[in-house]
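A.B. asks: Next up, final26.txt (compact mmCIF, C-alpha atoms).
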# COMPACT_ATOMS: atom_id res chain seq x y z
CA MET A 22 -21.71 28.25 5.03
CA SER A 23 -20.61 24.79 3.89
CA ILE A 24 -23.64 23.24 5.63
CA GLU A 25 -26.00 25.54 3.72
CA ILE A 26 -24.22 24.76 0.46
CA GLU A 27 -24.51 21.02 1.13
CA LYS A 28 -28.26 21.46 1.63
CA LYS A 29 -28.53 23.24 -1.72
CA ILE A 30 -26.40 20.57 -3.37
CA ASP A 31 -28.76 17.90 -2.04
CA LEU A 32 -31.72 19.80 -3.48
CA VAL A 33 -30.10 20.00 -6.92
CA VAL A 34 -29.16 16.31 -6.80
CA ALA A 35 -32.78 15.42 -5.99
CA TRP A 36 -33.93 17.72 -8.80
CA LEU A 37 -31.65 15.95 -11.28
CA GLN A 38 -33.02 12.59 -10.20
CA GLU A 39 -36.58 13.83 -10.65
CA GLN A 40 -35.83 15.19 -14.15
CA VAL A 41 -34.47 11.83 -15.27
CA LYS A 42 -37.44 10.01 -13.76
CA LYS A 43 -39.95 12.32 -15.45
CA SER A 44 -38.20 12.00 -18.84
CA GLY A 45 -38.05 8.21 -18.74
CA THR A 46 -34.31 8.24 -19.35
CA ASN A 47 -31.54 6.30 -17.63
CA GLY A 48 -28.94 8.82 -16.51
CA LEU A 49 -26.90 11.93 -17.25
CA VAL A 50 -23.94 12.96 -19.38
CA VAL A 51 -21.86 16.16 -19.24
CA GLY A 52 -19.08 17.55 -21.39
CA ILE A 53 -15.99 18.02 -19.24
CA SER A 54 -13.79 20.95 -20.24
CA GLY A 55 -11.39 20.96 -17.32
CA GLY A 56 -12.97 24.15 -15.96
CA ILE A 57 -14.74 24.83 -12.69
CA ASP A 58 -18.32 24.83 -14.03
CA SER A 59 -18.05 21.38 -15.59
CA ALA A 60 -16.21 20.18 -12.48
CA VAL A 61 -19.14 21.16 -10.28
CA VAL A 62 -21.70 19.64 -12.65
CA ALA A 63 -19.70 16.40 -12.95
CA ASN A 64 -19.79 16.07 -9.17
CA LEU A 65 -23.52 16.79 -9.07
CA ILE A 66 -24.51 14.22 -11.67
CA LYS A 67 -22.23 11.61 -10.07
CA ARG A 68 -24.05 12.15 -6.78
CA ALA A 69 -27.41 11.93 -8.53
CA PHE A 70 -26.58 8.80 -10.51
CA PRO A 71 -23.50 7.00 -9.16
CA ASP A 72 -23.79 4.20 -11.74
CA ASN A 73 -25.46 6.07 -14.60
CA SER A 74 -23.44 9.24 -15.11
CA LEU A 75 -20.72 9.96 -17.65
CA GLY A 76 -18.26 12.73 -18.39
CA VAL A 77 -17.02 13.24 -21.95
CA ILE A 78 -13.81 15.13 -22.70
CA LEU A 79 -13.98 16.64 -26.19
CA PRO A 80 -10.69 18.21 -27.28
CA ILE A 81 -10.57 20.19 -30.51
CA ASN A 82 -7.11 21.66 -31.16
CA SER A 83 -7.08 21.93 -27.38
CA ASN A 84 -4.28 22.70 -25.00
CA PRO A 85 -3.13 19.34 -23.54
CA LYS A 86 -3.49 20.92 -20.09
CA ASP A 87 -7.26 21.17 -20.66
CA VAL A 88 -7.44 17.41 -21.18
CA GLU A 89 -5.22 16.78 -18.16
CA ASP A 90 -7.46 18.95 -15.99
CA GLY A 91 -10.54 17.22 -17.38
CA ILE A 92 -9.17 13.81 -16.44
CA LEU A 93 -8.11 15.12 -13.03
CA LEU A 94 -11.55 16.44 -12.16
CA ALA A 95 -13.30 13.34 -13.54
CA LYS A 96 -11.17 11.19 -11.25
CA GLN A 97 -11.84 13.53 -8.33
CA ALA A 98 -15.60 13.26 -8.92
CA GLY A 99 -15.30 9.50 -9.33
CA ILE A 100 -17.31 9.71 -12.52
CA ASN A 101 -16.85 7.42 -15.49
CA TYR A 102 -15.34 9.33 -18.40
CA MET A 103 -14.10 8.98 -21.93
CA GLU A 104 -12.27 11.17 -24.43
CA ILE A 105 -13.36 11.82 -28.01
CA ASN A 106 -10.99 13.97 -30.07
CA LEU A 107 -12.94 15.99 -32.63
CA THR A 108 -10.01 17.90 -34.15
CA PRO A 109 -10.04 16.11 -37.56
CA GLU A 110 -13.80 16.53 -37.93
CA LYS A 111 -13.69 20.22 -37.08
CA GLN A 112 -10.83 20.85 -39.50
CA ASP A 113 -12.59 18.95 -42.28
CA ILE A 114 -15.90 20.81 -41.90
CA LEU A 115 -14.23 24.22 -41.54
CA GLN A 116 -12.12 23.61 -44.63
CA LYS A 117 -15.16 22.60 -46.66
CA VAL A 118 -17.19 25.60 -45.49
CA THR A 119 -14.46 28.17 -46.10
CA GLY A 120 -13.59 26.55 -49.42
CA ALA A 121 -17.18 26.78 -50.63
CA LEU A 122 -17.46 30.39 -49.46
CA LYS A 123 -14.26 31.31 -51.25
CA GLU A 124 -15.40 29.64 -54.46
CA ASN A 125 -18.52 31.80 -54.34
CA GLN A 126 -16.54 34.91 -53.38
CA LEU A 127 -18.43 35.22 -50.08
CA TYR A 128 -15.67 34.39 -47.59
CA GLN A 129 -14.96 36.91 -44.79
CA GLU A 130 -11.55 36.45 -43.19
CA ASP A 131 -12.38 38.63 -40.19
CA ARG A 132 -15.18 36.21 -39.25
CA LEU A 133 -13.02 33.09 -39.31
CA GLN A 134 -12.22 32.99 -35.58
CA ILE A 135 -15.84 33.18 -34.44
CA THR A 136 -16.88 30.69 -37.15
CA ASP A 137 -14.23 28.27 -35.91
CA ALA A 138 -15.15 28.81 -32.24
CA ASN A 139 -18.88 28.25 -32.68
CA LEU A 140 -18.28 25.22 -34.89
CA ARG A 141 -16.26 23.66 -32.07
CA ALA A 142 -19.07 24.23 -29.58
CA ARG A 143 -21.69 22.79 -31.92
CA LEU A 144 -19.61 19.72 -32.76
CA ARG A 145 -19.24 19.06 -29.06
CA MET A 146 -23.00 19.40 -28.60
CA SER A 147 -23.74 16.98 -31.44
CA THR A 148 -21.27 14.46 -30.04
CA LEU A 149 -22.71 14.68 -26.53
CA TYR A 150 -26.18 14.04 -27.91
CA ALA A 151 -24.94 11.07 -29.94
CA VAL A 152 -23.51 9.59 -26.73
CA ALA A 153 -26.66 10.47 -24.77
CA ASN A 154 -28.96 8.96 -27.40
CA ASN A 155 -27.06 5.68 -27.33
CA LEU A 156 -27.25 5.46 -23.53
CA ASN A 157 -30.73 7.02 -23.19
CA TYR A 158 -29.25 9.78 -21.01
CA LEU A 159 -30.03 13.48 -20.72
CA VAL A 160 -27.37 16.07 -21.61
CA VAL A 161 -26.50 18.35 -18.71
CA GLY A 162 -25.21 21.88 -19.31
CA THR A 163 -22.68 23.86 -17.30
CA ASP A 164 -23.80 27.48 -17.72
CA ASN A 165 -23.99 29.57 -14.54
CA GLU A 166 -26.24 32.60 -13.94
CA ALA A 167 -23.67 35.10 -15.23
CA GLU A 168 -23.36 33.19 -18.51
CA VAL A 169 -27.10 32.73 -18.93
CA TYR A 170 -27.77 36.43 -18.34
CA THR A 171 -25.07 37.68 -20.72
CA GLY A 172 -25.68 34.98 -23.31
CA TYR A 173 -22.12 33.78 -22.96
CA PHE A 174 -22.74 30.46 -24.65
CA THR A 175 -23.03 29.27 -28.23
CA LYS A 176 -26.58 28.91 -29.50
CA TYR A 177 -27.14 25.22 -30.27
CA GLY A 178 -23.60 24.62 -28.97
CA ASP A 179 -22.88 24.55 -25.25
CA GLY A 180 -26.33 26.15 -24.91
CA GLY A 181 -27.90 23.04 -26.49
CA VAL A 182 -28.65 20.91 -23.44
CA ASP A 183 -31.54 19.28 -21.58
CA LEU A 184 -30.82 20.49 -18.04
CA LEU A 185 -29.02 23.47 -16.46
CA PRO A 186 -28.44 22.60 -12.79
CA ILE A 187 -26.22 25.59 -11.90
CA ALA A 188 -28.02 28.27 -13.93
CA THR A 189 -29.08 30.08 -10.74
CA LEU A 190 -25.54 30.18 -9.30
CA LYS A 191 -23.40 33.26 -9.66
CA LYS A 192 -19.78 32.60 -10.53
CA TYR A 193 -18.54 33.15 -6.98
CA GLU A 194 -21.12 30.60 -5.79
CA VAL A 195 -19.78 28.09 -8.30
CA PHE A 196 -16.38 28.53 -6.63
CA GLN A 197 -17.96 28.00 -3.21
CA TRP A 198 -19.68 24.83 -4.34
CA ALA A 199 -16.48 23.58 -5.97
CA LYS A 200 -14.63 23.82 -2.66
CA VAL A 201 -17.38 21.97 -0.79
CA LEU A 202 -17.44 19.27 -3.49
CA GLY A 203 -13.67 18.81 -3.30
CA VAL A 204 -12.77 20.01 -6.79
CA PRO A 205 -8.96 20.04 -7.27
CA GLN A 206 -7.36 23.37 -6.39
CA SER A 207 -5.60 23.52 -9.77
CA VAL A 208 -9.00 23.54 -11.48
CA ILE A 209 -10.35 26.16 -9.08
CA ASP A 210 -7.33 28.40 -9.73
CA ARG A 211 -7.31 28.29 -13.54
CA LYS A 212 -8.68 31.21 -15.54
CA PRO A 213 -12.18 30.49 -16.88
CA THR A 214 -12.03 29.63 -20.58
CA ALA A 215 -14.34 28.00 -23.10
CA GLY A 216 -11.33 26.63 -24.99
CA LEU A 217 -12.49 28.23 -28.22
CA TRP A 218 -9.03 29.32 -29.39
CA GLU A 219 -5.48 29.50 -28.09
CA GLY A 220 -5.21 31.92 -25.18
CA GLN A 221 -8.97 32.58 -25.06
CA THR A 222 -10.45 33.52 -21.68
CA ASP A 223 -14.08 34.17 -20.79
CA GLU A 224 -13.47 37.57 -19.23
CA GLY A 225 -11.19 38.70 -22.04
CA GLU A 226 -13.84 37.86 -24.61
CA MET A 227 -16.73 39.41 -22.68
CA GLY A 228 -14.85 42.59 -21.89
CA THR A 229 -15.84 42.54 -18.23
CA THR A 230 -15.32 40.32 -15.19
CA TYR A 231 -17.44 37.67 -13.52
CA ALA A 232 -17.12 39.67 -10.31
CA HIS A 233 -18.75 42.66 -11.98
CA ILE A 234 -21.48 40.51 -13.53
CA ASP A 235 -22.21 38.86 -10.18
CA ALA A 236 -22.40 42.25 -8.49
CA PHE A 237 -24.69 43.58 -11.23
CA LEU A 238 -27.02 40.60 -10.81
CA GLU A 239 -27.17 41.30 -7.08
CA GLY A 240 -28.13 44.92 -7.71
CA LYS A 241 -24.83 46.35 -6.54
CA GLU A 242 -23.01 49.37 -7.98
CA ILE A 243 -20.38 48.62 -10.61
CA PRO A 244 -18.38 50.86 -12.98
CA GLU A 245 -20.53 52.42 -15.69
CA LYS A 246 -18.40 50.90 -18.45
CA ASP A 247 -19.00 47.39 -17.13
CA ARG A 248 -22.71 48.01 -16.60
CA GLU A 249 -23.05 49.08 -20.23
CA ILE A 250 -21.20 45.99 -21.44
CA ILE A 251 -23.37 43.66 -19.36
CA GLU A 252 -26.61 45.29 -20.44
CA ARG A 253 -25.52 45.19 -24.08
CA LEU A 254 -24.56 41.49 -23.84
CA HIS A 255 -27.93 40.71 -22.29
CA ARG A 256 -29.79 42.67 -24.97
CA ILE A 257 -28.07 41.20 -28.02
CA SER A 258 -28.26 37.63 -26.68
CA ALA A 259 -32.00 37.69 -25.95
CA HIS A 260 -32.63 35.38 -28.94
CA LYS A 261 -30.56 32.67 -27.26
CA ARG A 262 -32.91 32.41 -24.30
CA VAL A 263 -36.17 31.85 -26.20
CA MET A 264 -37.55 29.54 -28.84
CA PRO A 265 -37.01 30.73 -32.42
CA PRO A 266 -39.66 33.29 -33.44
CA TYR A 267 -42.37 32.34 -35.90
CA PRO A 268 -45.17 34.27 -37.64
CA GLN A 269 -48.74 34.08 -36.36
CA ILE A 270 -50.70 33.11 -39.51
Give the structure from the file, written as structure tokens.

C.D. replies:
Amino acid sequence: MSIEIEKKIDLVVAWLQEQVKKSGTNGLVVGISGGIDSAVVANLIKRAFPDNSLGVILPINSNPKDVEDGILLAKQAGINYMEINLTPEKQDILQKVTGALKENQLYQEDRLQITDANLRARLRMSTLYAVANNLNYLVVGTDNEAEVYTGYFTKYGDGGVDLLPIATLKKYEVFQWAKVLGVPQSVIDRKPTAGLWEGQTDEGEMGTTYAHIDAFLEGKEIPEKDREIIERLHRISAHKRVMPPYPQI
């Protein structure tokens, strides 16, 4: 199996090189979260551009362990990396937004968590593009097939990228690739999380498991409850996978 995975890895690496060539850019940058998806992508872009690839760690009120894991996987991949802490900027913007809403008697407390979470993702996106613009790099995303199908990404946040090299990989395949690429076991073993709030996990937020989503995508039988959740997530996130609609006039 590892030989077949290596062949696929080589194909993706060649694809990344071709995308950069076609775009007239110089290299690739990825946001490193400390999770398995960004670990795999960091390894891929390092292979594609050994001297023109960069990982950026972007903590926002983050668990220090996330930063530690991000540094660990960056060192494992051998990729150049830097850290930009966006906590003060996020707090400042969120305070201004909620303050203005409260002044106009529009503020909704029950929407604060999702407002905060999506703001974090969009600040990270903006920062990655600022870095990429300065270096003339493309921004590489880390969404896998399960996340693309269910829309488990923030529109114009972690979904705001130029390339999605692992978008056809199911989550279990990401784990397989991680092992072949030599990703640290501690990163492989950690629960998938987008780091959107303390204690947040991907599966807890989605209400189903990656194993069920992978099975669904392969046409296998899964519990009815999980099938309904997956189909609903796909339906309500359709707008994330297309250009914004516009009238034909």

A.B. asks: For Asp72 (chain A), list every protein, DNA or RNA residue within 12 Å, evaluated using only C-alpha atoms, and leave out those in the same chain fewer than 5 positions away; present the list as a PyMOL selection string.

C.D. replies: chain A and resi 47-50+66-67+99-102

A.B. asks: Atoms to include: C-alpha atoms. Write the selected residues as a CSV table (one decimal), in the coordinates of the input.

C.D. replies:
chain,number,residue,atom,x,y,z
A,47,ASN,CA,-31.5,6.3,-17.6
A,48,GLY,CA,-28.9,8.8,-16.5
A,49,LEU,CA,-26.9,11.9,-17.2
A,50,VAL,CA,-23.9,13.0,-19.4
A,66,ILE,CA,-24.5,14.2,-11.7
A,67,LYS,CA,-22.2,11.6,-10.1
A,99,GLY,CA,-15.3,9.5,-9.3
A,100,ILE,CA,-17.3,9.7,-12.5
A,101,ASN,CA,-16.8,7.4,-15.5
A,102,TYR,CA,-15.3,9.3,-18.4

A.B. asks: Using all atoms listed in the file, which residue out of A:Ile30, A:Ile187, A:Lys42, A:Asn165 lies closest to Arg68 (chain A)?

C.D. replies: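 Of A:Ile30, A:Ile187, A:Lys42, A:Asn165, the one nearest Arg68 (chain A) is A:Ile30, counting all atoms listed in the file.
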
A.B. asks: Hey, which of A:Asp113, A:Glu242, A:Glu39, A:Asp183 ends up closest to Asp164 (chain A)? Count only C-alpha atoms.

C.D. replies: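 When distances to Asp164 (chain A) are compared using only C-alpha atoms, the smallest one comes from A:Asp183.
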
A.B. asks: Find the residues near Glu166 (chain A): any atom within 9 Å, counting only C-alpha atoms, skip ones fewer than 3 places away on the same chain, and give them as a CSV table (one decimal) with C-alpha atoms, in the coordinates of the input.

C.D. replies:
chain,number,residue,atom,x,y,z
A,169,VAL,CA,-27.1,32.7,-18.9
A,170,TYR,CA,-27.8,36.4,-18.3
A,171,THR,CA,-25.1,37.7,-20.7
A,187,ILE,CA,-26.2,25.6,-11.9
A,188,ALA,CA,-28.0,28.3,-13.9
A,189,THR,CA,-29.1,30.1,-10.7
A,190,LEU,CA,-25.5,30.2,-9.3
A,191,LYS,CA,-23.4,33.3,-9.7
A,192,LYS,CA,-19.8,32.6,-10.5
A,235,ASP,CA,-22.2,38.9,-10.2
A,238,LEU,CA,-27.0,40.6,-10.8

A.B. asks: Residues within 10 Å of (-7.8, 14.9, -29.1), file coordinates, counting all atoms listed in the file: what are they? Give the list as a ChimeraX atom specification.

C.D. replies: /A:78-85,88,104-109

A.B. asks: Please enclose the listed atoms of region 249-257 of chain A in an axis-aligned box, pad each side by 3 Å, and write out the centre and the three edge lengths in Å, rounded to one decimal, as JSON.

C.D. replies:
{"center_x": -25.5, "center_y": 44.9, "center_z": -23.7, "size_x": 14.6, "size_y": 14.4, "size_z": 14.7}

A.B. asks: Leaving out region 245-252 of chain A and any residue of its chain fewer than 4 positions from it, which residues lie within 8 Å of it when counting only C-alpha atoms, given as a list of chain:residue names?

C.D. replies: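 The neighbour list is A:Thr171, A:Gly228, A:Thr229, A:His233, A:Ile234, A:Phe237, A:Arg256.
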
A.B. asks: Please compute the CA of Ala60 (chain A)-CA of Leu32 (chain A) distance, one decimal, in Å.

C.D. replies: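 Between CA of Ala60 (chain A) and CA of Leu32 (chain A) the gap works out to 17.9 Å.
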
A.B. asks: Return the single residue from A:Phe70, A:Tyr231, A:Tyr173, A:Tyr158 that is closest to Lys261 (chain A), with distances computed using only C-alpha atoms.

C.D. replies: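 Among the listed residues, the smallest separation from Lys261 (chain A) belongs to A:Tyr173.
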
A.B. asks: Quick one: residues within 9 Å of region 133-147 of chain A, all atoms listed in the file counted, chain neighbours fewer than 2 positions away excluded, as a PDB file with C-alpha atoms, in the frame of the given file?

C.D. replies:
ATOM      1  CA  GLY A  52     -19.080  17.550 -21.390  1.00  0.00           C
ATOM      2  CA  LEU A  79     -13.980  16.640 -26.190  1.00  0.00           C
ATOM      3  CA  PRO A  80     -10.690  18.210 -27.280  1.00  0.00           C
ATOM      4  CA  ILE A  81     -10.570  20.190 -30.510  1.00  0.00           C
ATOM      5  CA  LEU A 107     -12.940  15.990 -32.630  1.00  0.00           C
ATOM      6  CA  THR A 108     -10.010  17.900 -34.150  1.00  0.00           C
ATOM      7  CA  GLU A 110     -13.800  16.530 -37.930  1.00  0.00           C
ATOM      8  CA  LYS A 111     -13.690  20.220 -37.080  1.00  0.00           C
ATOM      9  CA  GLN A 112     -10.830  20.850 -39.500  1.00  0.00           C
ATOM     10  CA  ILE A 114     -15.900  20.810 -41.900  1.00  0.00           C
ATOM     11  CA  LEU A 115     -14.230  24.220 -41.540  1.00  0.00           C
ATOM     12  CA  THR A 119     -14.460  28.170 -46.100  1.00  0.00           C
ATOM     13  CA  TYR A 128     -15.670  34.390 -47.590  1.00  0.00           C
ATOM     14  CA  GLN A 129     -14.960  36.910 -44.790  1.00  0.00           C
ATOM     15  CA  GLU A 130     -11.550  36.450 -43.190  1.00  0.00           C
ATOM     16  CA  ASP A 131     -12.380  38.630 -40.190  1.00  0.00           C
ATOM     17  CA  LEU A 149     -22.710  14.680 -26.530  1.00  0.00           C
ATOM     18  CA  TYR A 150     -26.180  14.040 -27.910  1.00  0.00           C
ATOM     19  CA  ALA A 151     -24.940  11.070 -29.940  1.00  0.00           C
ATOM     20  CA  VAL A 152     -23.510   9.590 -26.730  1.00  0.00           C
ATOM     21  CA  VAL A 160     -27.370  16.070 -21.610  1.00  0.00           C
ATOM     22  CA  PHE A 174     -22.740  30.460 -24.650  1.00  0.00           C
ATOM     23  CA  THR A 175     -23.030  29.270 -28.230  1.00  0.00           C
ATOM     24  CA  LYS A 176     -26.580  28.910 -29.500  1.00  0.00           C
ATOM     25  CA  TYR A 177     -27.140  25.220 -30.270  1.00  0.00           C
ATOM     26  CA  GLY A 178     -23.600  24.620 -28.970  1.00  0.00           C
ATOM     27  CA  ASP A 179     -22.880  24.550 -25.250  1.00  0.00           C
ATOM     28  CA  GLY A 180     -26.330  26.150 -24.910  1.00  0.00           C
ATOM     29  CA  GLY A 181     -27.900  23.040 -26.490  1.00  0.00           C
ATOM     30  CA  VAL A 182     -28.650  20.910 -23.440  1.00  0.00           C
ATOM     31  CA  ALA A 215     -14.340  28.000 -23.100  1.00  0.00           C
ATOM     32  CA  GLY A 216     -11.330  26.630 -24.990  1.00  0.00           C
ATOM     33  CA  LEU A 217     -12.490  28.230 -28.220  1.00  0.00           C
ATOM     34  CA  TRP A 218      -9.030  29.320 -29.390  1.00  0.00           C
TER      35      TRP A 218
END

A.B. asks: Return the single residue from A:Ala69, A:Asn157, A:Val62, A:Gly203 that is closest to Ser44 (chain A), with distances computed using all atoms listed in the file.

C.D. replies: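 For Ser44 (chain A), the nearest of the given residues is A:Asn157.
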
A.B. asks: Quick one: distance from CA of Ile24 (chain A) to CA of Leu202 (chain A) in Å, one decimal?

C.D. replies: 11.7 Å

A.B. asks: Report, in Å with one decimal, the straight-line distance from CA of Lys29 (chain A) to CA of Tyr193 (chain A).

C.D. replies: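 Those two atoms sit 15.0 Å apart.
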
A.B. asks: Between A:Gln40, A:Thr230, A:Ser54, A:Asn154, which residue has the minimum interatomic distance to Asp90 (chain A), considering all atoms listed in the file?

C.D. replies: A:Ser54

A.B. asks: Using all atoms listed in the file, which of the listed residues (A:Gly91, A:Thr46, A:Asp31, A:Val61) sits closest to Asn155 (chain A)?

C.D. replies: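 So, comparing all the options, the nearest one is A:Thr46.
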
A.B. asks: For region 31-122 of chain A in the structure I just supplied, write out C-alpha atoms - as a short mmCIF file (atom, residue, chain, number, x, y, z; two decimals), in the first residue's frame.

C.D. replies:
data_model
loop_
_atom_site.label_atom_id
_atom_site.label_comp_id
_atom_site.auth_asym_id
_atom_site.auth_seq_id
_atom_site.Cartn_x
_atom_site.Cartn_y
_atom_site.Cartn_z
CA ASP A 31 4.41 12.08 -6.44
CA LEU A 32 1.45 12.91 -8.68
CA VAL A 33 0.18 15.56 -6.25
CA VAL A 34 3.68 17.04 -5.88
CA ALA A 35 3.97 17.30 -9.67
CA TRP A 36 0.50 18.86 -9.78
CA LEU A 37 1.50 21.49 -7.22
CA GLN A 38 4.60 22.33 -9.24
CA GLU A 39 2.50 22.70 -12.39
CA GLN A 40 -0.01 24.99 -10.64
CA VAL A 41 2.76 27.32 -9.51
CA LYS A 42 4.31 27.32 -12.97
CA LYS A 43 0.99 28.11 -14.65
CA SER A 44 0.23 30.93 -12.19
CA GLY A 45 3.62 32.59 -12.58
CA THR A 46 4.19 32.52 -8.83
CA ASN A 47 7.27 31.50 -6.86
CA GLY A 48 6.14 28.95 -4.29
CA LEU A 49 3.57 27.82 -1.74
CA VAL A 50 2.44 28.73 1.76
CA VAL A 51 0.18 26.80 4.15
CA GLY A 52 -1.31 27.59 7.54
CA ILE A 53 -0.09 25.01 10.04
CA SER A 54 -2.57 24.17 12.79
CA GLY A 55 -0.78 21.25 14.38
CA GLY A 56 -3.36 18.83 12.97
CA ILE A 57 -2.96 15.94 10.56
CA ASP A 58 -4.35 17.66 7.44
CA SER A 59 -1.95 20.59 7.63
CA ALA A 60 0.86 18.15 8.47
CA VAL A 61 0.27 16.24 5.25
CA VAL A 62 -0.01 19.41 3.17
CA ALA A 63 3.16 20.87 4.72
CA ASN A 64 5.04 17.74 3.67
CA LEU A 65 3.59 17.90 0.17
CA ILE A 66 4.50 21.52 -0.49
CA LYS A 67 7.99 20.99 0.95
CA ARG A 68 8.50 18.16 -1.52
CA ALA A 69 7.17 20.30 -4.35
CA PHE A 70 9.26 23.36 -3.49
CA PRO A 71 12.11 22.54 -1.11
CA ASP A 72 13.39 26.14 -1.14
CA ASN A 73 10.16 28.01 -1.79
CA SER A 74 7.63 26.67 0.70
CA LEU A 75 6.54 28.12 4.03
CA GLY A 76 4.38 27.09 6.95
CA VAL A 77 2.70 29.76 9.07
CA ILE A 78 1.46 29.03 12.59
CA LEU A 79 -1.39 31.39 13.48
CA PRO A 80 -2.46 31.09 17.12
CA ILE A 81 -5.55 32.97 18.29
CA ASN A 82 -6.32 32.31 21.96
CA SER A 83 -4.93 28.89 21.11
CA ASN A 84 -3.94 26.01 23.32
CA PRO A 85 -0.11 26.13 23.61
CA LYS A 86 -0.11 22.44 22.64
CA ASP A 87 -1.44 23.42 19.19
CA VAL A 88 1.58 25.65 18.64
CA GLU A 89 3.93 22.97 19.96
CA ASP A 90 2.45 20.41 17.56
CA GLY A 91 2.66 22.91 14.71
CA ILE A 92 6.36 23.46 15.35
CA LEU A 93 6.91 19.72 15.71
CA LEU A 94 5.33 18.88 12.37
CA ALA A 95 7.06 21.81 10.61
CA LYS A 96 10.41 20.48 11.81
CA GLN A 97 9.45 16.96 10.76
CA ALA A 98 8.56 18.18 7.27
CA GLY A 99 11.75 20.24 7.15
CA ILE A 100 9.74 23.24 6.02
CA ASN A 101 10.58 26.83 6.89
CA TYR A 102 8.01 28.23 9.29
CA MET A 103 7.10 31.27 11.31
CA GLU A 104 4.55 32.14 13.96
CA ILE A 105 2.19 35.13 13.88
CA ASN A 106 -0.02 35.55 16.94
CA LEU A 107 -3.33 37.14 15.97
CA THR A 108 -4.97 37.12 19.41
CA PRO A 109 -4.87 40.92 19.97
CA GLU A 110 -6.26 41.64 16.51
CA LYS A 111 -9.10 39.16 16.90
CA GLN A 112 -10.02 40.53 20.32
CA ASP A 113 -9.95 44.11 19.06
CA ILE A 114 -12.18 43.42 16.03
CA LEU A 115 -14.62 41.27 18.00
CA GLN A 116 -14.92 43.91 20.70
CA LYS A 117 -15.61 46.63 18.14
CA VAL A 118 -18.20 44.52 16.31
CA THR A 119 -20.07 43.43 19.43
CA GLY A 120 -19.87 46.94 20.85
CA ALA A 121 -21.42 48.45 17.73
CA LEU A 122 -24.15 45.79 17.66
#
